$ cat input22.txt   # compact mmCIF, C-alpha atoms
# COMPACT_ATOMS: atom_id res chain seq x y z
CA MET A 1 0.00 0.00 0.00
CA LYS A 2 1.37 3.41 -0.93
CA ILE A 3 0.09 6.78 0.22
CA THR A 4 1.42 9.94 -1.36
CA ILE A 5 0.85 13.17 0.55
CA GLU A 6 -0.62 15.79 -1.75
CA ASP A 7 -1.50 18.64 0.57
CA VAL A 8 -1.01 19.15 4.31
CA PRO A 9 -1.51 21.94 6.82
CA ALA A 10 1.55 23.44 8.50
CA GLY A 11 2.90 21.86 11.68
CA GLU A 12 3.45 18.41 13.05
CA LEU A 13 0.71 15.82 12.42
CA SER A 14 0.26 12.12 13.13
CA LEU A 15 -0.75 9.51 10.58
CA PHE A 16 -1.71 6.15 12.06
CA VAL A 17 -1.20 3.06 9.91
CA ARG A 18 -2.73 -0.26 10.93
CA VAL A 19 -0.35 -3.20 10.74
CA PRO A 20 -2.47 -6.41 10.81
CA GLY A 21 -1.70 -9.00 13.46
CA TRP A 22 -1.01 -11.67 10.84
CA ALA A 23 1.66 -9.50 9.15
CA ASP A 24 4.89 -10.80 10.72
CA GLY A 25 7.69 -9.25 8.69
CA ALA A 26 5.70 -6.20 7.59
CA ARG A 27 7.75 -3.22 6.46
CA LEU A 28 6.61 0.35 6.96
CA ALA A 29 8.59 3.16 5.36
CA VAL A 30 8.36 6.92 4.94
CA ASN A 31 10.21 8.19 1.88
CA ASP A 32 11.97 4.79 1.59
CA LYS A 33 13.28 4.94 5.19
CA SER A 34 12.05 2.08 7.40
CA VAL A 35 10.13 2.89 10.55
CA GLY A 36 8.81 0.51 13.21
CA ALA A 37 5.94 -1.78 12.20
CA GLU A 38 4.65 -3.97 15.03
CA PRO A 39 2.05 -6.55 13.85
CA GLY A 40 -1.31 -6.09 15.56
CA SER A 41 -0.87 -2.37 16.21
CA TYR A 42 -1.29 1.08 14.79
CA ALA A 43 2.03 2.64 13.88
CA GLU A 44 2.07 6.36 14.61
CA LEU A 45 3.96 8.40 12.03
CA ARG A 46 4.36 11.83 13.65
CA ARG A 47 6.22 14.48 11.70
CA VAL A 48 5.97 17.67 9.72
CA TRP A 49 4.63 16.35 6.44
CA LYS A 50 5.53 17.79 3.06
CA THR A 51 3.81 17.51 -0.29
CA GLY A 52 5.21 14.46 -2.07
CA ASP A 53 6.04 12.49 1.09
CA MET A 54 5.31 8.80 0.54
CA VAL A 55 4.23 6.21 3.09
CA GLU A 56 4.54 2.56 2.05
CA LEU A 57 3.33 -0.50 3.92
CA THR A 58 4.53 -3.85 2.56
CA LEU A 59 2.70 -6.88 3.94
CA PRO A 60 4.06 -10.43 3.70
CA MET A 61 1.76 -12.64 1.68
CA LYS A 62 3.28 -16.04 2.27
CA PRO A 63 1.29 -19.12 3.28
CA ARG A 64 1.41 -20.03 6.95
CA LEU A 65 0.05 -22.81 9.13
CA LEU A 66 -2.23 -21.92 12.04
CA GLU A 67 -3.21 -23.93 15.09
CA ALA A 68 -6.16 -23.45 17.42
CA HIS A 69 -6.00 -23.01 21.18
CA PRO A 70 -5.63 -26.45 22.86
CA LEU A 71 -9.03 -26.05 24.55
CA VAL A 72 -10.68 -26.18 21.12
CA GLU A 73 -10.70 -29.98 21.28
CA GLU A 74 -12.15 -30.51 17.81
CA ALA A 75 -9.18 -28.71 16.27
CA ARG A 76 -6.45 -30.26 18.44
CA ASN A 77 -3.64 -31.72 16.29
CA HIS A 78 -5.10 -29.98 13.25
CA VAL A 79 -3.86 -27.03 11.23
CA ALA A 80 -5.47 -24.44 9.01
CA VAL A 81 -3.65 -22.69 6.19
CA ALA A 82 -3.79 -18.93 5.66
CA CYS A 83 -2.14 -16.53 3.28
CA GLY A 84 -2.28 -12.85 4.14
CA PRO A 85 -5.70 -12.19 5.68
CA LEU A 86 -7.39 -15.15 3.92
CA VAL A 87 -8.07 -18.59 5.35
CA TYR A 88 -7.94 -21.42 2.82
CA CYS A 89 -9.82 -24.71 2.66
CA LEU A 90 -9.59 -28.09 1.00
CA GLU A 91 -12.57 -28.85 -1.19
CA SER A 92 -13.35 -32.36 -2.40
CA ALA A 93 -13.29 -31.11 -6.02
CA GLU A 94 -9.50 -30.77 -5.59
CA LEU A 95 -8.90 -34.36 -4.43
CA PRO A 96 -8.02 -37.51 -6.37
CA LYS A 97 -10.86 -39.94 -7.00
CA GLY A 98 -11.60 -42.07 -3.97
CA VAL A 99 -10.04 -39.65 -1.45
CA SER A 100 -12.36 -37.81 0.94
CA VAL A 101 -11.55 -34.57 2.75
CA ARG A 102 -11.68 -36.70 5.92
CA ASP A 103 -8.82 -38.84 4.59
CA ALA A 104 -6.42 -35.98 3.82
CA ALA A 105 -3.73 -34.84 6.26
CA ILE A 106 -1.05 -32.17 6.15
CA PRO A 107 2.50 -33.57 6.23
CA ARG A 108 4.69 -32.29 9.08
CA ASP A 109 7.07 -30.78 6.51
CA ALA A 110 4.33 -29.06 4.51
CA THR A 111 5.04 -26.02 2.38
CA PHE A 112 2.67 -24.22 0.05
CA THR A 113 3.19 -22.09 -3.04
CA VAL A 114 0.83 -19.31 -4.13
CA ARG A 115 -0.41 -19.56 -7.72
CA PHE A 116 -3.04 -17.37 -9.37
CA ASP A 117 -5.53 -19.49 -11.31
CA LYS A 118 -7.37 -17.19 -13.71
CA ASP A 119 -9.71 -19.99 -14.82
CA LEU A 120 -10.85 -21.11 -11.37
CA LEU A 121 -13.97 -19.39 -10.05
CA GLY A 122 -13.32 -16.21 -12.04
CA GLY A 123 -9.71 -16.01 -10.86
CA VAL A 124 -8.40 -16.81 -7.38
CA ALA A 125 -5.06 -17.37 -5.71
CA VAL A 126 -4.72 -21.06 -4.83
CA LEU A 127 -2.16 -22.63 -2.56
CA GLU A 128 -0.37 -25.61 -4.07
CA GLY A 129 1.13 -28.22 -1.82
CA LYS A 130 1.09 -31.83 -0.75
CA ALA A 131 -1.29 -33.78 1.44
CA GLU A 132 -1.07 -37.35 2.53
CA VAL A 133 -3.51 -40.17 2.95
CA THR A 134 -2.87 -43.37 4.81
CA ASP A 135 -3.84 -46.46 2.87
CA ALA A 136 -5.85 -47.90 5.75
CA LYS A 137 -8.63 -50.49 5.66
CA GLN A 138 -12.05 -48.88 5.51
CA TRP A 139 -14.09 -48.88 8.68
CA GLY A 140 -16.90 -51.33 9.03
CA ASP A 141 -19.50 -50.94 11.74
CA GLU A 142 -17.04 -51.35 14.61
CA LEU A 143 -16.72 -48.47 17.05
CA TYR A 144 -13.05 -49.16 17.90
CA ARG A 145 -10.22 -51.12 16.33
CA PRO A 146 -6.51 -51.60 16.96
CA SER A 147 -4.46 -48.75 15.56
CA ARG A 148 -2.57 -49.76 12.40
CA PRO A 149 -0.25 -47.13 11.04
CA GLY A 150 -0.30 -47.42 7.29
CA ASP A 151 1.98 -46.18 4.60
CA ALA A 152 1.23 -42.52 4.02
CA LYS A 153 1.04 -41.63 0.34
CA LYS A 154 1.55 -38.02 -0.68
CA PHE A 155 -0.48 -36.38 -3.40
CA ASP A 156 -0.81 -32.87 -4.82
CA ILE A 157 -3.52 -30.58 -3.49
CA ASN A 158 -4.77 -27.10 -4.18
CA LEU A 159 -6.31 -25.15 -1.34
CA ILE A 160 -8.79 -22.47 -2.31
CA PRO A 161 -9.88 -19.37 -0.38
CA TYR A 162 -12.59 -20.29 2.13
CA TYR A 163 -14.90 -17.65 0.66
CA ALA A 164 -14.81 -19.42 -2.74
CA TRP A 165 -15.92 -22.93 -1.78
CA ALA A 166 -19.22 -24.54 -2.85
CA ASN A 167 -19.18 -22.94 -6.29
CA ARG A 168 -18.47 -26.08 -8.35
CA GLY A 169 -21.41 -28.31 -7.51
CA LYS A 170 -21.93 -30.65 -4.59
CA SER A 171 -18.76 -31.01 -2.53
CA GLU A 172 -17.25 -31.46 0.90
CA MET A 173 -14.90 -28.93 2.47
CA THR A 174 -12.66 -28.58 5.49
CA VAL A 175 -10.53 -25.79 6.89
CA TRP A 176 -8.95 -27.78 9.73
CA LEU A 177 -6.77 -30.61 8.48
CA PRO A 178 -5.08 -33.15 10.76
CA TRP A 179 -1.33 -33.37 10.96
CA GLY A 180 0.03 -36.32 9.01
CA ARG A 181 1.99 -39.17 10.51
$ encode --input "input22.txt" --output "structure tokens"
Amino acid sequence: MKITIEDVPAGELSLFVRVPGWADGARLAVNDKSVGAEPGSYAELRRVWKTGDMVELTLPMKPRLLEAHPLVEEARNHVAVACGPLVYCLESAELPKGVSVRDAAIPRDATFTVRFDKDLLGGVAVLEGKAEVTDAKQWGDELYRPSRPGDAKKFDINLIPYYAWANRGKSEMTVWLPWGR
């Protein structure tokens, strides 16, 4: 974001710039000189402004993994993926045949790459990465069974912005994905 000062009254004035809490590594600069930018705060830029002064806020837009508070039991040992201010989800339309969103897990070494897909849903940024599924025997009608770690197989996934799901017909979706083995 860039702001160019066009006209200001005489004297010292403050300009407050919001630095979002998710923006670790944000850079705030006045006339190309860095000033403090604490995520989750308003940075006060107090000075005598001149016409042509430029304020620039650069926000990191890299994918990151989020975890919920441990008291949110349903999300324990699960992660969500966000990029900038957006939360992403896994939609069944992005999975290989025979794999359910309930079967997918995020590998412990997961990384994601941002790619703009102009053909998907009118154009959205998707996150490309890997998921894994354990080739385990399907459940019957038993309530419990002995745990049998299987061989985890990795496959490619695309995560889409949460706001964009349910636009390609009937599908399942999840935001919280379990950690892989």
$ closest_residue --input "input22.txt" --among "A:Leu13, A:Ile106, A:Ile157, A:Met1" --to "A:Ala26" --atoms "all atoms listed in the file"
A:Met1
$ residues_around --input "input22.txt" --residues "A:Arg168" --least-positions-apart "5" --cutoff "10 Å" --atoms "only C-alpha atoms" --output "list in words"
Glu91, Ala93, Leu120 and Leu121 of chain A
$ atom_distance --input "input22.txt" --atom1 "atom CA of A:Pro60" --atom2 "atom CA of A:His78"
23.6 Å
$ closest_residue --input "input22.txt" --among "A:Lys130, A:His69, A:Lys50, A:Lys62" --to "A:Val8" --atoms "only C-alpha atoms"
A:Lys50
$ residues_around --input "input22.txt" --residues "A:Ala43" --least-positions-apart "4" --cutoff "8 Å" --atoms "only C-alpha atoms" --output "PyMOL selection string"
chain A and resi 16-19+36-38
$ atom_distance --input "input22.txt" --atom1 "atom CA of A:Ala29" --atom2 "atom CA of A:Val114"
25.6 Å
$ closest_residue --input "input22.txt" --among "A:Glu12, A:Lys33, A:Ala104, A:Arg27" --to "A:Cys89" --atoms "all atoms listed in the file"
A:Ala104
$ closest_atom_pairs --input "input22.txt" --of "stretch 15-127 of chain A" --to "stretch 175-180 of chain A" --cutoff "10 Å" --atoms "only C-alpha atoms" --output "CSV"
residue,atom,partner,partner_atom,distance
A:Leu66,CA,A:Trp176,CA,9.2
A:Glu67,CA,A:Trp176,CA,8.7
A:Ala68,CA,A:Trp176,CA,9.3
A:Glu74,CA,A:Trp176,CA,9.1
A:Ala75,CA,A:Trp176,CA,6.6
A:Arg76,CA,A:Pro178,CA,8.3
A:Asn77,CA,A:Pro178,CA,5.9
A:His78,CA,A:Pro178,CA,4.0
A:Val79,CA,A:Trp176,CA,5.4
A:Ala80,CA,A:Trp176,CA,4.9
A:Val81,CA,A:Val175,CA,7.6
A:Ala82,CA,A:Val175,CA,9.7
A:Val87,CA,A:Val175,CA,7.8
A:Tyr88,CA,A:Val175,CA,6.5
A:Cys89,CA,A:Val175,CA,4.4
A:Leu90,CA,A:Val175,CA,6.4
A:Glu91,CA,A:Val175,CA,8.9
A:Val101,CA,A:Leu177,CA,8.4
A:Arg102,CA,A:Leu177,CA,8.2
A:Asp103,CA,A:Pro178,CA,9.2
A:Ala104,CA,A:Leu177,CA,7.1
A:Ala105,CA,A:Gly180,CA,4.9
A:Ile106,CA,A:Trp179,CA,5.0
A:Pro107,CA,A:Gly180,CA,4.6
A:Arg108,CA,A:Gly180,CA,6.2
A:Asp109,CA,A:Gly180,CA,9.3
A:Ala110,CA,A:Gly180,CA,9.6
$ atom_distance --input "input22.txt" --atom1 "atom CA of A:Val133" --atom2 "atom CA of A:Ala152"
5.4 Å
$ closest_residue --input "input22.txt" --among "A:Val55, A:Glu172, A:Gly123, A:Glu142" --to "A:Val99" --atoms "all atoms listed in the file"
A:Glu172
$ closest_residue --input "input22.txt" --among "A:Arg181, A:Trp22, A:Tyr144, A:Asp117" --to "A:Leu65" --atoms "all atoms listed in the file"
A:Trp22
$ decode --input "input22.txt" --residues "stretch 28-91 of chain A" --atoms "C-alpha atoms" --output "PDB file, in the first residue's frame"
ATOM      1  CA  LEU A  28       6.611   0.353   6.964  1.00  0.00           C
ATOM      2  CA  ALA A  29       8.588   3.163   5.359  1.00  0.00           C
ATOM      3  CA  VAL A  30       8.361   6.925   4.936  1.00  0.00           C
ATOM      4  CA  ASN A  31      10.209   8.190   1.877  1.00  0.00           C
ATOM      5  CA  ASP A  32      11.973   4.791   1.589  1.00  0.00           C
ATOM      6  CA  LYS A  33      13.279   4.940   5.191  1.00  0.00           C
ATOM      7  CA  SER A  34      12.047   2.082   7.396  1.00  0.00           C
ATOM      8  CA  VAL A  35      10.129   2.893  10.554  1.00  0.00           C
ATOM      9  CA  GLY A  36       8.806   0.507  13.210  1.00  0.00           C
ATOM     10  CA  ALA A  37       5.943  -1.779  12.197  1.00  0.00           C
ATOM     11  CA  GLU A  38       4.648  -3.974  15.029  1.00  0.00           C
ATOM     12  CA  PRO A  39       2.054  -6.552  13.853  1.00  0.00           C
ATOM     13  CA  GLY A  40      -1.311  -6.092  15.560  1.00  0.00           C
ATOM     14  CA  SER A  41      -0.873  -2.374  16.214  1.00  0.00           C
ATOM     15  CA  TYR A  42      -1.294   1.081  14.787  1.00  0.00           C
ATOM     16  CA  ALA A  43       2.028   2.640  13.882  1.00  0.00           C
ATOM     17  CA  GLU A  44       2.074   6.363  14.608  1.00  0.00           C
ATOM     18  CA  LEU A  45       3.961   8.405  12.032  1.00  0.00           C
ATOM     19  CA  ARG A  46       4.355  11.834  13.645  1.00  0.00           C
ATOM     20  CA  ARG A  47       6.216  14.476  11.703  1.00  0.00           C
ATOM     21  CA  VAL A  48       5.975  17.672   9.719  1.00  0.00           C
ATOM     22  CA  TRP A  49       4.625  16.353   6.441  1.00  0.00           C
ATOM     23  CA  LYS A  50       5.532  17.792   3.057  1.00  0.00           C
ATOM     24  CA  THR A  51       3.811  17.512  -0.291  1.00  0.00           C
ATOM     25  CA  GLY A  52       5.210  14.463  -2.068  1.00  0.00           C
ATOM     26  CA  ASP A  53       6.042  12.490   1.094  1.00  0.00           C
ATOM     27  CA  MET A  54       5.311   8.803   0.540  1.00  0.00           C
ATOM     28  CA  VAL A  55       4.227   6.208   3.093  1.00  0.00           C
ATOM     29  CA  GLU A  56       4.545   2.564   2.049  1.00  0.00           C
ATOM     30  CA  LEU A  57       3.333  -0.499   3.922  1.00  0.00           C
ATOM     31  CA  THR A  58       4.526  -3.851   2.560  1.00  0.00           C
ATOM     32  CA  LEU A  59       2.703  -6.879   3.935  1.00  0.00           C
ATOM     33  CA  PRO A  60       4.062 -10.435   3.703  1.00  0.00           C
ATOM     34  CA  MET A  61       1.755 -12.642   1.680  1.00  0.00           C
ATOM     35  CA  LYS A  62       3.285 -16.044   2.267  1.00  0.00           C
ATOM     36  CA  PRO A  63       1.289 -19.124   3.279  1.00  0.00           C
ATOM     37  CA  ARG A  64       1.414 -20.032   6.951  1.00  0.00           C
ATOM     38  CA  LEU A  65       0.046 -22.811   9.132  1.00  0.00           C
ATOM     39  CA  LEU A  66      -2.235 -21.922  12.039  1.00  0.00           C
ATOM     40  CA  GLU A  67      -3.207 -23.932  15.087  1.00  0.00           C
ATOM     41  CA  ALA A  68      -6.156 -23.453  17.420  1.00  0.00           C
ATOM     42  CA  HIS A  69      -5.997 -23.010  21.183  1.00  0.00           C
ATOM     43  CA  PRO A  70      -5.630 -26.446  22.862  1.00  0.00           C
ATOM     44  CA  LEU A  71      -9.026 -26.054  24.548  1.00  0.00           C
ATOM     45  CA  VAL A  72     -10.679 -26.183  21.121  1.00  0.00           C
ATOM     46  CA  GLU A  73     -10.700 -29.976  21.281  1.00  0.00           C
ATOM     47  CA  GLU A  74     -12.155 -30.514  17.812  1.00  0.00           C
ATOM     48  CA  ALA A  75      -9.181 -28.712  16.274  1.00  0.00           C
ATOM     49  CA  ARG A  76      -6.452 -30.258  18.435  1.00  0.00           C
ATOM     50  CA  ASN A  77      -3.638 -31.718  16.289  1.00  0.00           C
ATOM     51  CA  HIS A  78      -5.105 -29.984  13.246  1.00  0.00           C
ATOM     52  CA  VAL A  79      -3.861 -27.030  11.231  1.00  0.00           C
ATOM     53  CA  ALA A  80      -5.472 -24.440   9.013  1.00  0.00           C
ATOM     54  CA  VAL A  81      -3.650 -22.687   6.193  1.00  0.00           C
ATOM     55  CA  ALA A  82      -3.788 -18.934   5.659  1.00  0.00           C
ATOM     56  CA  CYS A  83      -2.135 -16.526   3.282  1.00  0.00           C
ATOM     57  CA  GLY A  84      -2.281 -12.852   4.138  1.00  0.00           C
ATOM     58  CA  PRO A  85      -5.705 -12.193   5.676  1.00  0.00           C
ATOM     59  CA  LEU A  86      -7.389 -15.147   3.919  1.00  0.00           C
ATOM     60  CA  VAL A  87      -8.066 -18.585   5.351  1.00  0.00           C
ATOM     61  CA  TYR A  88      -7.938 -21.420   2.825  1.00  0.00           C
ATOM     62  CA  CYS A  89      -9.818 -24.714   2.655  1.00  0.00           C
ATOM     63  CA  LEU A  90      -9.588 -28.090   1.005  1.00  0.00           C
ATOM     64  CA  GLU A  91     -12.570 -28.854  -1.193  1.00  0.00           C
TER      65      GLU A  91
END
